[in-house]
Amino acid sequence: MASESVSVIFKIYCLAVMTLIAAAYTVALRYTRTVSSDLYFSTTAVCLTELIKLLLSLGMLVRETGDLGRFRSAVVSHIFKSPKELLKLSVPSVVYAIQNNMAFVALSNLDAAVYQVTYQLKIPCTALCTVLMLGRSLSRLQWFSVFMLCGGVTLVQWTPPHHVFGGFSYGALVTLCFGSGVYFEKVLKSSDTSLWVRNIQMYLSGIVVTLIGVFMTDGAQVLEKGFFYGYTPWVCLVIFLASVGGMYTSVVVKYTDNIMKGFSAAAAIVLSTVASVVLFGLQITATFLGGALLVCVSIYLYGLPKQDTSRVQKPSTDGEDTQKLIAV
């Protein structure tokens with residue numbers, strides 16, 4: 001009985017922290033991209049985020065292995081002697097690098113609340129990739145929730161509150177939504193390698209990719225003005241929230257479930273909307289409220305458990321192919 005109480009308290013704690021991080025990150029990033037006269041380079045912020053996540057993962061691996069000897073052995077075995085694994089993890093590194101950079105582009109043009117709602121389009125993209133790449137099946141209710149979500153996002157953007165939606169912003173959000181972690185999940189669950197080792201492999205590639213992005217996109221200006229040009233305490237907070245949020249998500253996925261993640265996403269939408277009204281003067285319309293409600297309901301319905309989908313299934317046989325897309 002006592003253990004169940006501790007488990008419930010821990011899940012509530014996870015929900016609260018994940019919600020606050022998601023909402024605070026979105027609002028803080030939007031704030032730094034709209035109020036500062038000396039705008040910082042978003043590519044450098046993404047690069048620093050990868051570096052901090054690498055350092056945090058190294059610290060967690062030290063804690064997991066228990067001593068420096070085992071830590072050194074794990075690093076040598078899985079990092080220096082496994083170039084193929086590093087190459088394998090470079091795929092999600094590139095995807096996440098693009099996704100994180102597009103988040104800065106999107107929040108430079110979109111209200112935080114609209115961004116939070118639209119960002120949930122990652123769910124249908126992830127659902128499709130999950131079926132095709134991991135061999136899982138989705139229930140009819142889950143597919144229904146996916147279409148409900150798309151309808152809700154359409155309502156939210158039907159009459160943009162500030163009419164600042166450029167084509168590039170839409171493209172940025174579409175790219176961001178397709179940057180799912182399905183491939184990383186497949187790599188992670190297809191072996192017994194430590195989560196922190198996988199994170200280190202991915203973040204090493206991520207640092208290289210984002211450094212290339214810095215000098216390809218803002219190279220001349222960075223050399224002229226400096227890597228940390230335009231940095232303020234608020235920018236440092238954004239980088240910190242992005243780093244901790246990325247690490248914390250893996251913990252939440254491990255110890256909670258999809259319902260908790262769904263409630264967290266819905267609560268983050270509400271908090272972002274309130275913050276946008278207070279800080280940025282967002283005008284709430286009936287279509288926005290209706291669309292946001294549909295999105296929150298769809299997130300909840302999608303997370304309702306129908307079967308155990310926590311493991312990667314083996315490839316289906318010919319007789320099972322017809323049951324792959326829709327589970328009765």
# chains A, B, ... in the order shown; residues from 1 in each chain; ligands from 1
>>> residues_around(residues="Gly151 of chain A", least_positions_apart="3", cutoff="9 Å", atoms="only C-alpha atoms", output="list in words")
Val146, Phe147, Met148, Thr154, Leu155, Val156, Gly291, Leu294 and Val295 of chain A
>>> residues_around(residues="segment 31-41 of chain A", least_positions_apart="3", cutoff="8 Å", atoms="only C-alpha atoms", output="PyMOL selection string")
chain A and resi 27-28+44-45+104+107-108+218+222+227-231+234-235
>>> select_by_dssp(residues="segment 204-248 of chain A", states="helix (DSSP H, G or I)", output="PyMOL selection string")
chain A and resi 204-217+219-225+233-248
>>> closest_residue(among="A:Leu61, A:Val17, A:Leu51, A:Met133", to="Phe240 of chain A", atoms="only C-alpha atoms")
A:Leu51
>>> residues_around(residues="Thr273 of chain A", least_positions_apart="5", cutoff="12 Å", atoms="only C-alpha atoms", output="list in words")
Ala23, Ala24, Thr26, Val27, Asp111, Ala112, Ala113, Val114, Tyr115, Gln116, Val117, Val156, Pro161, Ala266, Ala267, Ala268, Val278, Leu279, Phe280, Gly281, Leu282, Gln283, Ile284, Thr285, Phe288, Leu289 and Ala292 of chain A
>>> atom_distance(atom1="atom CA of Ser90 of chain A", atom2="atom CA of Ser205 of chain A")
5.3 Å
>>> atom_distance(atom1="atom CA of Val95 of chain A", atom2="atom CA of Val209 of chain A")
9.9 Å
>>> atom_distance(atom1="atom CA of Leu68 of chain A", atom2="atom CA of Ser191 of chain A")
23.7 Å
>>> residues_around(residues="Val91 of chain A", least_positions_apart="6", cutoff="10 Å", atoms="only C-alpha atoms", output="JSON, numbers by chain")
{"A": [183, 184, 202, 205, 206]}
>>> residues_around(residues="Leu149 of chain A", least_positions_apart="4", cutoff="9 Å", atoms="only C-alpha atoms", output="list in words")
Gln120, Leu121, Ile123, Pro124, Phe144, Ser145, Val153, Thr154, Gly291, Leu294, Val295, Cys296, Val297, Ser298 and Ile299 of chain A
>>> residues_around(residues="Thr65 of chain A", least_positions_apart="4", cutoff="12 Å", atoms="only C-alpha atoms", output="VMD selection string")
chain A and resid 58 to 61 69 to 75 194 196 to 197
